[in-house]
>>> print(open('start_9.txt').read())   # compact mmCIF, C-alpha atoms
# COMPACT_ATOMS: atom_id res chain seq x y z
CA ASP Z 1 -26.43 -1.49 -4.95
CA VAL Z 2 -25.45 -4.38 -2.72
CA LYS Z 3 -26.64 -3.98 0.81
CA VAL Z 4 -25.14 -5.85 3.72
CA THR Z 5 -27.06 -5.21 6.92
CA GLN Z 6 -25.80 -5.99 10.38
CA SER Z 7 -28.54 -6.21 12.96
CA SER Z 8 -26.94 -3.98 15.61
CA ARG Z 9 -24.54 -1.04 15.43
CA TYR Z 10 -23.73 -1.21 19.14
CA LEU Z 11 -24.10 -4.09 21.56
CA VAL Z 12 -23.15 -4.47 25.23
CA LYS Z 13 -23.09 -7.93 26.80
CA ARG Z 14 -21.73 -9.56 29.92
CA THR Z 15 -18.92 -12.07 30.32
CA GLY Z 16 -20.16 -15.61 29.86
CA GLU Z 17 -23.23 -14.69 27.82
CA LYS Z 18 -23.95 -16.35 24.47
CA VAL Z 19 -23.98 -13.59 21.88
CA PHE Z 20 -25.47 -13.64 18.40
CA LEU Z 21 -24.44 -11.20 15.67
CA GLU Z 22 -26.63 -11.26 12.58
CA CYS Z 23 -25.84 -10.30 9.01
CA VAL Z 24 -28.13 -10.22 5.98
CA GLN Z 25 -27.23 -9.50 2.34
CA ASP Z 26 -29.71 -8.77 -0.43
CA MET Z 27 -27.73 -9.61 -3.57
CA ASP Z 28 -27.87 -13.42 -3.62
CA HIS Z 29 -24.13 -13.70 -2.97
CA GLU Z 30 -22.71 -17.15 -2.36
CA ASN Z 31 -19.86 -16.07 -0.09
CA MET Z 32 -20.20 -14.45 3.31
CA PHE Z 33 -17.50 -13.49 5.80
CA TRP Z 34 -17.09 -12.39 9.39
CA TYR Z 35 -14.13 -10.21 10.34
CA ARG Z 36 -12.93 -8.68 13.52
CA GLN Z 37 -11.33 -5.21 13.43
CA ASP Z 38 -9.04 -4.01 16.21
CA PRO Z 39 -6.88 -0.84 16.23
CA GLY Z 40 -3.48 -1.52 14.72
CA LEU Z 41 -4.41 -5.06 13.70
CA GLY Z 42 -6.56 -4.39 10.65
CA LEU Z 43 -9.21 -6.89 9.55
CA ARG Z 44 -8.83 -10.49 10.64
CA LEU Z 45 -11.02 -13.25 9.21
CA ILE Z 46 -12.98 -15.24 11.79
CA TYR Z 47 -15.11 -17.50 9.56
CA PHE Z 48 -16.11 -17.77 5.95
CA SER Z 49 -19.11 -19.47 4.31
CA TYR Z 50 -19.25 -20.32 0.61
CA ASP Z 51 -22.72 -21.89 0.59
CA VAL Z 52 -25.68 -22.64 2.80
CA LYS Z 53 -24.62 -24.85 5.71
CA MET Z 54 -20.99 -24.68 4.55
CA LYS Z 55 -18.33 -22.94 6.59
CA GLU Z 56 -14.58 -22.64 6.80
CA LYS Z 57 -12.42 -21.40 9.64
CA GLY Z 58 -10.53 -18.18 9.14
CA ASP Z 59 -7.45 -16.97 10.98
CA ILE Z 60 -8.97 -16.48 14.45
CA PRO Z 61 -11.95 -18.87 14.89
CA GLU Z 62 -11.32 -19.71 18.57
CA GLY Z 63 -14.26 -18.76 20.78
CA TYR Z 64 -16.59 -18.26 17.81
CA SER Z 65 -18.96 -20.33 15.73
CA VAL Z 66 -21.19 -19.49 12.76
CA SER Z 67 -24.48 -20.51 11.26
CA ARG Z 68 -25.73 -20.22 7.70
CA GLU Z 69 -29.17 -21.76 7.34
CA LYS Z 70 -30.27 -19.47 4.50
CA LYS Z 71 -28.23 -18.00 1.69
CA GLU Z 72 -28.85 -14.40 2.67
CA ARG Z 73 -28.11 -14.73 6.38
CA PHE Z 74 -24.84 -15.42 8.19
CA SER Z 75 -24.72 -15.42 11.97
CA LEU Z 76 -21.67 -15.14 14.22
CA ILE Z 77 -21.98 -16.73 17.65
CA LEU Z 78 -19.82 -16.05 20.68
CA GLU Z 79 -20.37 -19.22 22.69
CA SER Z 80 -19.31 -17.71 26.03
CA ALA Z 81 -18.36 -14.07 25.65
CA SER Z 82 -15.10 -12.87 27.16
CA THR Z 83 -13.69 -9.37 27.58
CA ASN Z 84 -11.02 -9.99 24.93
CA GLN Z 85 -13.82 -10.33 22.39
CA THR Z 86 -14.67 -6.66 22.76
CA SER Z 87 -14.16 -5.39 19.24
CA MET Z 88 -15.70 -4.13 16.01
CA TYR Z 89 -17.21 -6.98 13.96
CA LEU Z 90 -17.67 -6.62 10.22
CA CYS Z 91 -19.71 -8.83 7.92
CA ALA Z 92 -19.07 -8.98 4.18
CA SER Z 93 -20.41 -10.81 1.13
CA SER Z 94 -19.23 -11.50 -2.40
CA PRO Z 95 -20.35 -13.48 -5.45
CA VAL Z 96 -18.45 -16.69 -6.17
CA ASN Z 97 -15.27 -16.23 -8.23
CA ARG Z 98 -15.33 -12.48 -7.72
CA ASP Z 99 -12.80 -10.55 -5.71
CA SER Z 100 -14.53 -7.53 -4.25
CA GLN Z 101 -16.30 -7.97 -0.95
CA HIS Z 102 -19.14 -5.72 0.16
CA PHE Z 103 -19.15 -4.79 3.83
CA GLY Z 104 -21.80 -3.94 6.38
CA ASP Z 105 -21.34 -0.96 8.70
CA GLY Z 106 -20.15 -3.11 11.58
CA THR Z 107 -21.26 -4.00 15.09
CA ARG Z 108 -19.27 -2.50 17.92
CA LEU Z 109 -19.47 -5.13 20.65
CA SER Z 110 -18.48 -4.48 24.25
CA ILE Z 111 -18.16 -7.35 26.72
CA LEU Z 112 -18.24 -6.21 30.33
CA GLY J 1 -2.73 -16.04 9.17
CA GLN J 2 -0.81 -13.86 6.79
CA GLN J 3 -1.38 -10.13 6.67
CA LEU J 4 0.04 -7.71 4.18
CA ASN J 5 2.67 -5.16 5.20
CA GLN J 6 0.99 -1.79 4.77
CA SER J 7 2.73 1.52 5.37
CA PRO J 8 2.64 4.05 6.73
CA GLN J 9 0.41 3.21 9.69
CA SER J 10 -0.81 6.81 9.90
CA MET J 11 -0.41 10.09 8.09
CA PHE J 12 -1.15 13.66 9.12
CA ILE J 13 -1.22 16.03 6.15
CA GLN J 14 -2.43 19.45 5.12
CA GLU J 15 -5.35 19.88 2.75
CA GLY J 16 -4.07 20.03 -0.82
CA GLU J 17 -1.09 17.74 -0.30
CA ASP J 18 -0.59 14.50 -2.18
CA VAL J 19 -0.56 11.18 -0.31
CA SER J 20 1.18 7.89 -1.03
CA MET J 21 0.80 4.56 0.71
CA ASN J 22 1.87 1.05 -0.18
CA CYS J 23 1.41 -2.59 0.56
CA THR J 24 3.91 -5.43 0.23
CA SER J 25 3.76 -9.18 0.53
CA SER J 26 6.19 -12.07 0.56
CA SER J 27 3.94 -13.98 -1.83
CA ILE J 28 2.22 -13.33 -5.13
CA PHE J 29 -1.36 -12.16 -5.51
CA ASN J 30 -3.56 -12.26 -8.60
CA THR J 31 -5.69 -9.31 -7.52
CA TRP J 32 -5.01 -6.22 -5.44
CA LEU J 33 -7.80 -4.13 -3.95
CA TRP J 34 -7.89 -0.83 -2.10
CA TYR J 35 -10.69 -0.05 0.37
CA LYS J 36 -11.54 3.06 2.38
CA GLN J 37 -13.30 3.02 5.72
CA ASP J 38 -14.99 6.21 6.86
CA PRO J 39 -15.40 6.66 10.62
CA GLY J 40 -18.30 4.55 11.91
CA GLU J 41 -18.84 2.71 8.64
CA GLY J 42 -17.70 -0.43 6.86
CA PRO J 43 -14.93 -0.47 4.24
CA VAL J 44 -15.90 0.52 0.70
CA LEU J 45 -14.03 -0.61 -2.41
CA LEU J 46 -12.09 2.18 -4.15
CA ILE J 47 -10.01 0.45 -6.82
CA ALA J 48 -9.44 -3.11 -8.04
CA LEU J 49 -6.29 -4.17 -9.93
CA TYR J 50 -6.04 -7.39 -11.93
CA LYS J 51 -2.83 -7.31 -13.95
CA ALA J 52 0.83 -6.86 -13.04
CA GLY J 53 1.94 -3.34 -13.94
CA GLU J 54 -1.63 -2.08 -14.21
CA LEU J 55 -2.22 1.56 -13.30
CA THR J 56 -5.83 2.50 -12.54
CA SER J 57 -7.40 5.82 -11.56
CA ASN J 58 -10.62 6.72 -9.81
CA GLY J 59 -10.90 10.51 -9.65
CA ARG J 60 -8.01 11.81 -7.53
CA LEU J 61 -6.99 8.26 -6.61
CA THR J 62 -4.44 6.25 -8.57
CA ALA J 63 -3.36 2.71 -7.74
CA GLN J 64 -0.77 0.42 -9.26
CA PHE J 65 -0.34 -3.35 -9.29
CA GLY J 66 3.38 -4.01 -8.83
CA ILE J 67 5.33 -5.77 -11.56
CA THR J 68 6.46 -8.50 -9.15
CA ARG J 69 2.80 -9.06 -8.12
CA LYS J 70 3.95 -8.73 -4.53
CA ASP J 71 3.10 -5.09 -3.97
CA SER J 72 0.67 -2.30 -4.70
CA PHE J 73 0.59 1.47 -4.27
CA LEU J 74 -2.18 4.01 -3.75
CA ASN J 75 -1.77 7.72 -4.39
CA ILE J 76 -4.25 10.47 -3.54
CA SER J 77 -3.70 13.81 -5.18
CA ALA J 78 -4.74 17.20 -3.79
CA SER J 79 -6.22 15.81 -0.57
CA ILE J 80 -9.44 17.23 0.85
CA PRO J 81 -10.97 16.88 4.35
CA SER J 82 -13.36 14.11 3.25
CA ASP J 83 -10.36 11.90 2.41
CA VAL J 84 -10.05 11.29 6.16
CA GLY J 85 -10.41 7.63 7.06
CA ILE J 86 -8.59 4.33 7.12
CA TYR J 87 -7.31 2.91 3.84
CA PHE J 88 -6.83 -0.85 3.53
CA CYS J 89 -5.07 -2.83 0.88
CA ALA J 90 -6.20 -6.39 0.20
CA GLY J 91 -4.84 -9.17 -1.96
CA GLN J 92 -6.47 -12.26 -3.42
CA ARG J 93 -4.68 -15.40 -4.57
CA GLY J 94 -5.82 -17.40 -7.54
CA GLY J 95 -8.40 -20.03 -6.63
CA SER J 96 -9.23 -18.45 -3.28
CA GLU J 97 -12.43 -16.65 -2.35
CA LYS J 98 -10.74 -15.00 0.61
CA LEU J 99 -8.91 -11.70 0.87
CA VAL J 100 -5.76 -10.97 2.85
CA PHE J 101 -5.81 -7.47 4.33
CA GLY J 102 -3.18 -4.98 5.38
CA LYS J 103 -3.42 -3.36 8.80
CA GLY J 104 -4.54 -0.06 7.33
CA THR J 105 -3.26 3.49 6.92
CA LYS J 106 -5.11 6.07 8.99
CA LEU J 107 -5.24 9.39 7.14
CA THR J 108 -5.89 12.72 8.84
CA VAL J 109 -6.26 15.83 6.71
CA ASN J 110 -5.93 19.23 8.36
CA PRO J 111 -7.98 21.95 6.65
>>> encode(input="start_9.txt", output="structure tokens")
Amino acid sequence: DVKVTQSSRYLVKRTGEKVFLECVQDMDHENMFWYRQDPGLGLRLIYFSYDVKMKEKGDIPEGYSVSREKKERFSLILESASTNQTSMYLCASSPVNRDSQHFGDGTRLSIL
Amino acid sequence: GQQLNQSPQSMFIQEGEDVSMNCTSSSIFNTWLWYKQDPGEGPVLLIALYKAGELTSNGRLTAQFGITRKDSFLNISASIPSDVGIYFCAGQRGGSEKLVFGKGTKLTVNP
């Protein structure tokens, strides 16, 4: 089975901090994704990577950046955390040219 | 960015009842997917649909790919308490690696 592991289930940070969310997948998938999930808004794509060192902006990239130095690892970076970035963050991966994405269990991030 | 129109937003039903939810779009998709998210976990794929008109079952779940390719439906028969969760539809366009998601249907099942 595909396993997508997010480094933290819960994280509390302060406004202005630089925050790193880590995601690792073990199935050699080319594609990796970061989503944000808020009540009533569903899943919104922040960034997408289709190869090492390659990235593409999603629908809500403002205030975020990403890093993909190795195929199995995709990091989401909040450059200067703000309270409106308090949310559930979900990482997903998929093979190239395949539709179904496999999700991690999420990181619930609170910015105080 | 575009999101799919998913309805209803929430449902409160009694155990044993059947459930229907749907997803519509203004544009065509080549693939429709249905995911379920249990509380505290990430979404898990339930059913994938690849062809207009296709009807696919997975146990008590049945999903259909609309003929116009702009909609999809999910039915759950004889609901049980473990059906509780949020159900998401997702669509994929040809040539894209990305999915477009609906906002989810939150299902509560009363024993």
>>> interface_residues(input="start_9.txt", of="chain Z", to="chain J", cutoff="12 Å", atoms="all atoms listed in the file", output="PyMOL selection string")
chain Z and resi 2-6+9-10+30-51+56-61+88-108
>>> atom_distance(input="start_9.txt", atom1="atom CA of Lys36 of chain J", atom2="atom CA of Ala63 of chain J")
13.0 Å
>>> axis_aligned_box(input="start_9.txt", around="segment 22-38 of chain J", padding_each_side="3 Å", output="AutoDock Vina command-line options")
--center_x -4.4 --center_y -3.9 --center_z -0.9 --size_x 27.2 --size_y 26.2 --size_z 21.5
>>> residues_near_point(input="start_9.txt", point="(-1.9, 11.4, -5.2)", cutoff="9 Å", atoms="all atoms listed in the file", output="list in words")
Glu17, Asp18, Val19, Ser20, Arg60, Leu61, Thr62, Leu74, Asn75, Ile76, Ser77, Ala78 and Ser79 of chain J
>>> atom_distance(input="start_9.txt", atom1="atom CA of Glu79 of chain Z", atom2="atom CA of Lys18 of chain Z")
4.9 Å
>>> atom_distance(input="start_9.txt", atom1="atom CA of Val24 of chain Z", atom2="atom CA of Glu72 of chain Z")
5.4 Å
>>> residues_around(input="start_9.txt", residues="segment 23-26 of chain J", least_positions_apart="6", cutoff="7 Å", atoms="all atoms listed in the file", output="JSON, numbers by chain")
{"J": [4, 5, 6, 7, 70, 71, 72, 73, 89]}
>>> write_last_selection(input="start_9.txt", atoms="C-alpha atoms", output="PDB file, in the coordinates of the input")
ATOM      1  CA  LEU J   4       0.040  -7.710   4.180  1.00  0.00           C
ATOM      2  CA  ASN J   5       2.670  -5.160   5.200  1.00  0.00           C
ATOM      3  CA  GLN J   6       0.990  -1.790   4.770  1.00  0.00           C
ATOM      4  CA  SER J   7       2.730   1.520   5.370  1.00  0.00           C
ATOM      5  CA  LYS J  70       3.950  -8.730  -4.530  1.00  0.00           C
ATOM      6  CA  ASP J  71       3.100  -5.090  -3.970  1.00  0.00           C
ATOM      7  CA  SER J  72       0.670  -2.300  -4.700  1.00  0.00           C
ATOM      8  CA  PHE J  73       0.590   1.470  -4.270  1.00  0.00           C
ATOM      9  CA  CYS J  89      -5.070  -2.830   0.880  1.00  0.00           C
TER      10      CYS J  89
END
